[in-house]
Amino acid sequence: EAQVTQNPRYLITVTGKKLTVTCSQNMNHEYMSWYRQDPGLGLRQIYYSMNVEVTDKGDVPEGYKVSRKEKRNFPLILESPSPNQTSLYFCASSPRPGQGKYNSPLHFGNGTRLTVT
Amino acid sequence: DQQVKQNSPSLSVQEGRISILNCDYTNSMFDYFLWYKKYPAEGPTFLISISSIKDKNEDGRFTVFLNKSAKHLSLHIVPSQPGDSAVYFCAASALGSNYQLIWGAGTKLIIKP
């Protein structure tokens, strides 16, 4: 089954304790991205990757790191989590990065709910 | 300042009637618009899209209308079904944006039996 898999689904941690949220896709997609969803704000992009070893900042990259060593995996790293990073996180992938009518829709994982106390 | 706005946090519609979800945008460089649907505990799933060269796109019960002069788009669902109850997100991308989507805050649609 074609899918984007995020782990864990739920995570409660304390301020300053490094964590990693994993994301893996089995569709051979070039493009992958991380979003956070907060009430009243929709989804905001954290980082994205156009291909292996190519990553770039989205709208809200502060406090996050990513890596893209393999095509299928795109982990999100919080080196020193803070309470303002409590949110619902989504990983997404797409076969064809681009713009306009050549856009391919994003495929999303089921989300990771992170609570930082 | 939010570039994509969905001003109705929620909408309740009778089963069988038309559901109309609205989305306004401010950036005239947006050239591609998408609607995603999200059920609880799941990620958003793509529903329908429209390019700025069109003013209407239809897919089964779902139709998206784009009014560029008003910077407004709407999603029509006819007839509405109980399975349509979900949160609907409007998103937009601009030429040269490297596929970065700007998302609205979402509208929760409730279909009443």
# chains A, B, ... in the order shown; residues from 1 in each chain; ligands from 1
call {"tool": "select_by_dssp", "arguments": {"residues": "chain A", "states": "helix (DSSP H, G or I)", "output": "PyMOL selection string"}}
result
chain A and resi 83-85+100-102
call {"tool": "interface_residues", "arguments": {"of": "chain A", "to": "chain B", "cutoff": "12 Å", "atoms": "only C-alpha atoms", "output": "PDB file with C-alpha atoms, in the first residue's frame"}}
result
ATOM      1  CA  GLN A   3       1.703   5.502   2.102  1.00  0.00           C
ATOM      2  CA  VAL A   4       3.565   8.039   4.175  1.00  0.00           C
ATOM      3  CA  THR A   5       4.378   6.682   7.632  1.00  0.00           C
ATOM      4  CA  GLN A   6       5.132   8.894  10.602  1.00  0.00           C
ATOM      5  CA  ARG A   9       1.756   9.149  16.532  1.00  0.00           C
ATOM      6  CA  TYR A  10       1.864  10.725  19.995  1.00  0.00           C
ATOM      7  CA  TYR A  31       9.579  15.870  -2.812  1.00  0.00           C
ATOM      8  CA  MET A  32       9.008  15.667   0.945  1.00  0.00           C
ATOM      9  CA  SER A  33       7.908  18.265   3.429  1.00  0.00           C
ATOM     10  CA  TRP A  34       7.103  18.844   7.088  1.00  0.00           C
ATOM     11  CA  TYR A  35       4.181  20.930   8.313  1.00  0.00           C
ATOM     12  CA  ARG A  36       2.808  21.905  11.667  1.00  0.00           C
ATOM     13  CA  GLN A  37      -0.872  22.495  12.262  1.00  0.00           C
ATOM     14  CA  ASP A  38      -2.012  24.874  14.970  1.00  0.00           C
ATOM     15  CA  PRO A  39      -5.570  26.008  15.758  1.00  0.00           C
ATOM     16  CA  GLY A  40      -6.660  28.962  13.642  1.00  0.00           C
ATOM     17  CA  LEU A  41      -3.478  28.918  11.570  1.00  0.00           C
ATOM     18  CA  GLY A  42      -3.857  26.034   9.154  1.00  0.00           C
ATOM     19  CA  LEU A  43      -0.740  24.168   8.077  1.00  0.00           C
ATOM     20  CA  ARG A  44       2.585  25.935   8.058  1.00  0.00           C
ATOM     21  CA  GLN A  45       5.604  24.541   6.305  1.00  0.00           C
ATOM     22  CA  ILE A  46       8.693  23.869   8.425  1.00  0.00           C
ATOM     23  CA  TYR A  47      11.181  22.397   5.957  1.00  0.00           C
ATOM     24  CA  TYR A  48      11.018  20.750   2.581  1.00  0.00           C
ATOM     25  CA  SER A  49      13.258  18.653   0.382  1.00  0.00           C
ATOM     26  CA  MET A  50      13.253  18.594  -3.407  1.00  0.00           C
ATOM     27  CA  THR A  55      16.632  20.619   1.842  1.00  0.00           C
ATOM     28  CA  ASP A  56      15.343  24.132   2.367  1.00  0.00           C
ATOM     29  CA  LYS A  57      13.545  26.193   4.955  1.00  0.00           C
ATOM     30  CA  GLY A  58       9.818  26.698   4.898  1.00  0.00           C
ATOM     31  CA  ASP A  59       7.898  29.394   6.723  1.00  0.00           C
ATOM     32  CA  LEU A  88       0.339  18.511  15.377  1.00  0.00           C
ATOM     33  CA  TYR A  89       2.999  17.645  12.810  1.00  0.00           C
ATOM     34  CA  PHE A  90       2.476  16.260   9.333  1.00  0.00           C
ATOM     35  CA  CYS A  91       4.934  14.821   6.877  1.00  0.00           C
ATOM     36  CA  ALA A  92       3.999  14.851   3.197  1.00  0.00           C
ATOM     37  CA  SER A  93       5.466  13.720  -0.100  1.00  0.00           C
ATOM     38  CA  SER A  94       4.844  14.289  -3.788  1.00  0.00           C
ATOM     39  CA  PRO A  95       6.242  12.753  -6.975  1.00  0.00           C
ATOM     40  CA  ARG A  96       6.777  15.985  -8.828  1.00  0.00           C
ATOM     41  CA  PRO A  97       7.878  19.187  -7.177  1.00  0.00           C
ATOM     42  CA  GLY A  98       7.011  22.215  -9.220  1.00  0.00           C
ATOM     43  CA  GLN A  99       4.479  24.932  -9.516  1.00  0.00           C
ATOM     44  CA  GLY A 100       1.312  25.831 -11.311  1.00  0.00           C
ATOM     45  CA  LYS A 101      -0.486  23.197 -13.323  1.00  0.00           C
ATOM     46  CA  TYR A 102       2.376  20.727 -12.945  1.00  0.00           C
ATOM     47  CA  ASN A 103       1.801  20.390  -9.263  1.00  0.00           C
ATOM     48  CA  SER A 104       1.177  16.892  -8.033  1.00  0.00           C
ATOM     49  CA  PRO A 105      -0.955  16.671  -4.903  1.00  0.00           C
ATOM     50  CA  LEU A 106       0.725  15.998  -1.611  1.00  0.00           C
ATOM     51  CA  HIS A 107       0.334  12.666   0.171  1.00  0.00           C
ATOM     52  CA  PHE A 108       0.243  13.099   3.929  1.00  0.00           C
ATOM     53  CA  GLY A 109       1.072  10.901   6.863  1.00  0.00           C
ATOM     54  CA  ASN A 110      -1.414  10.562   9.708  1.00  0.00           C
ATOM     55  CA  GLY A 111       0.298  13.075  11.919  1.00  0.00           C
ATOM     56  CA  THR A 112       2.336  13.210  15.136  1.00  0.00           C
ATOM     57  CA  ARG A 113       0.877  15.016  18.093  1.00  0.00           C
TER      58      ARG A 113
END
call {"tool": "closest_residue", "arguments": {"among": "B:Val78, B:Tyr88, B:Leu109, B:Lys71", "to": "B:Gly16", "atoms": "only C-alpha atoms"}}
result
B:Val78
call {"tool": "select_by_dssp", "arguments": {"residues": "stretch 3-47 of chain B", "states": "strand (DSSP E or B)", "output": "list in words"}}
result
Val4, Lys5, Ser10, Leu11, Ser12, Val13, Gln14, Ser19, Ile20, Leu21, Asn22, Cys23, Asp24, Tyr25, Phe30, Asp31, Tyr32, Phe33, Leu34, Trp35, Tyr36, Lys37, Lys38, Thr45, Phe46 and Leu47 of chain B
call {"tool": "write_last_selection", "arguments": {"atoms": "C-alpha atoms", "output": "compact mmCIF listing (two decimals), in the first residue's frame"}}
result
# COMPACT_ATOMS: atom_id res chain seq x y z
CA VAL B 4 -5.22 32.52 2.47
CA LYS B 5 -8.31 32.94 4.61
CA SER B 10 -17.48 25.66 10.76
CA LEU B 11 -20.49 25.02 8.55
CA SER B 12 -23.52 22.82 9.13
CA VAL B 13 -25.52 21.52 6.15
CA GLN B 14 -28.45 19.15 5.78
CA SER B 19 -22.38 22.66 0.81
CA ILE B 20 -20.45 25.79 -0.14
CA LEU B 21 -17.05 26.38 1.41
CA ASN B 22 -15.32 29.68 0.79
CA CYS B 23 -11.72 30.79 0.59
CA ASP B 24 -10.22 34.25 0.02
CA TYR B 25 -6.64 35.09 -0.84
CA PHE B 30 -1.04 32.66 -6.60
CA ASP B 31 -1.67 30.61 -9.72
CA TYR B 32 -2.78 27.23 -8.42
CA PHE B 33 -5.32 26.37 -5.78
CA LEU B 34 -6.15 23.13 -4.06
CA TRP B 35 -8.71 21.78 -1.63
CA TYR B 36 -7.81 19.10 0.87
CA LYS B 37 -10.12 17.16 3.15
CA LYS B 38 -9.13 15.98 6.59
CA THR B 45 -6.10 14.11 1.47
CA PHE B 46 -6.25 15.89 -1.86
CA LEU B 47 -9.74 16.62 -3.12
call {"tool": "residues_around", "arguments": {"residues": "stretch 15-20 of chain A", "least_positions_apart": "4", "cutoff": "9 Å", "atoms": "only C-alpha atoms", "output": "JSON, numbers by chain"}}
result
{"A": [7, 75, 76, 77, 78, 79, 80, 81, 82, 83, 116, 117]}
call {"tool": "write_last_selection", "arguments": {"atoms": "N, CA and C atoms", "output": "PDB file, in the first residue's frame"}}
result
ATOM      1  N   ASN A   7       6.219   8.307  12.656  1.00  0.00           N
ATOM      2  CA  ASN A   7       6.297   7.753  14.001  1.00  0.00           C
ATOM      3  C   ASN A   7       7.086   8.684  14.926  1.00  0.00           C
ATOM      4  N   PRO A  75      13.484  12.637   8.307  1.00  0.00           N
ATOM      5  CA  PRO A  75      13.213  12.834   9.737  1.00  0.00           C
ATOM      6  C   PRO A  75      13.216  14.311  10.127  1.00  0.00           C
ATOM      7  N   LEU A  76      12.398  14.618  11.118  1.00  0.00           N
ATOM      8  CA  LEU A  76      12.333  15.960  11.700  1.00  0.00           C
ATOM      9  C   LEU A  76      12.965  15.903  13.081  1.00  0.00           C
ATOM     10  N   ILE A  77      13.935  16.772  13.308  1.00  0.00           N
ATOM     11  CA  ILE A  77      14.701  16.749  14.553  1.00  0.00           C
ATOM     12  C   ILE A  77      14.465  18.032  15.328  1.00  0.00           C
ATOM     13  N   LEU A  78      14.130  17.868  16.606  1.00  0.00           N
ATOM     14  CA  LEU A  78      14.021  19.005  17.517  1.00  0.00           C
ATOM     15  C   LEU A  78      15.154  18.862  18.514  1.00  0.00           C
ATOM     16  N   GLU A  79      16.190  19.673  18.350  1.00  0.00           N
ATOM     17  CA  GLU A  79      17.403  19.539  19.181  1.00  0.00           C
ATOM     18  C   GLU A  79      17.115  19.908  20.638  1.00  0.00           C
ATOM     19  N   SER A  80      16.334  20.931  20.854  1.00  0.00           N
ATOM     20  CA  SER A  80      16.008  21.393  22.201  1.00  0.00           C
ATOM     21  C   SER A  80      14.555  21.877  22.205  1.00  0.00           C
ATOM     22  N   PRO A  81      13.610  20.944  22.291  1.00  0.00           N
ATOM     23  CA  PRO A  81      12.198  21.320  22.187  1.00  0.00           C
ATOM     24  C   PRO A  81      11.778  22.319  23.255  1.00  0.00           C
ATOM     25  N   SER A  82      10.853  23.170  22.868  1.00  0.00           N
ATOM     26  CA  SER A  82      10.283  24.135  23.801  1.00  0.00           C
ATOM     27  C   SER A  82       8.757  24.034  23.726  1.00  0.00           C
ATOM     28  N   PRO A  83       8.048  24.527  24.756  1.00  0.00           N
ATOM     29  CA  PRO A  83       6.585  24.405  24.781  1.00  0.00           C
ATOM     30  C   PRO A  83       5.892  24.991  23.552  1.00  0.00           C
ATOM     31  N   VAL A 116       5.132  19.361  24.460  1.00  0.00           N
ATOM     32  CA  VAL A 116       6.377  19.676  25.167  1.00  0.00           C
ATOM     33  C   VAL A 116       6.017  20.417  26.454  1.00  0.00           C
ATOM     34  N   THR A 117       6.401  19.846  27.584  1.00  0.00           N
ATOM     35  CA  THR A 117       6.040  20.460  28.878  1.00  0.00           C
ATOM     36  C   THR A 117       7.244  21.136  29.541  1.00  0.00           C
TER      37      THR A 117
END
call {"tool": "atom_distance", "arguments": {"atom1": "atom CA of A:Val54", "atom2": "atom CA of A:Val21"}}
result
18.8 Å
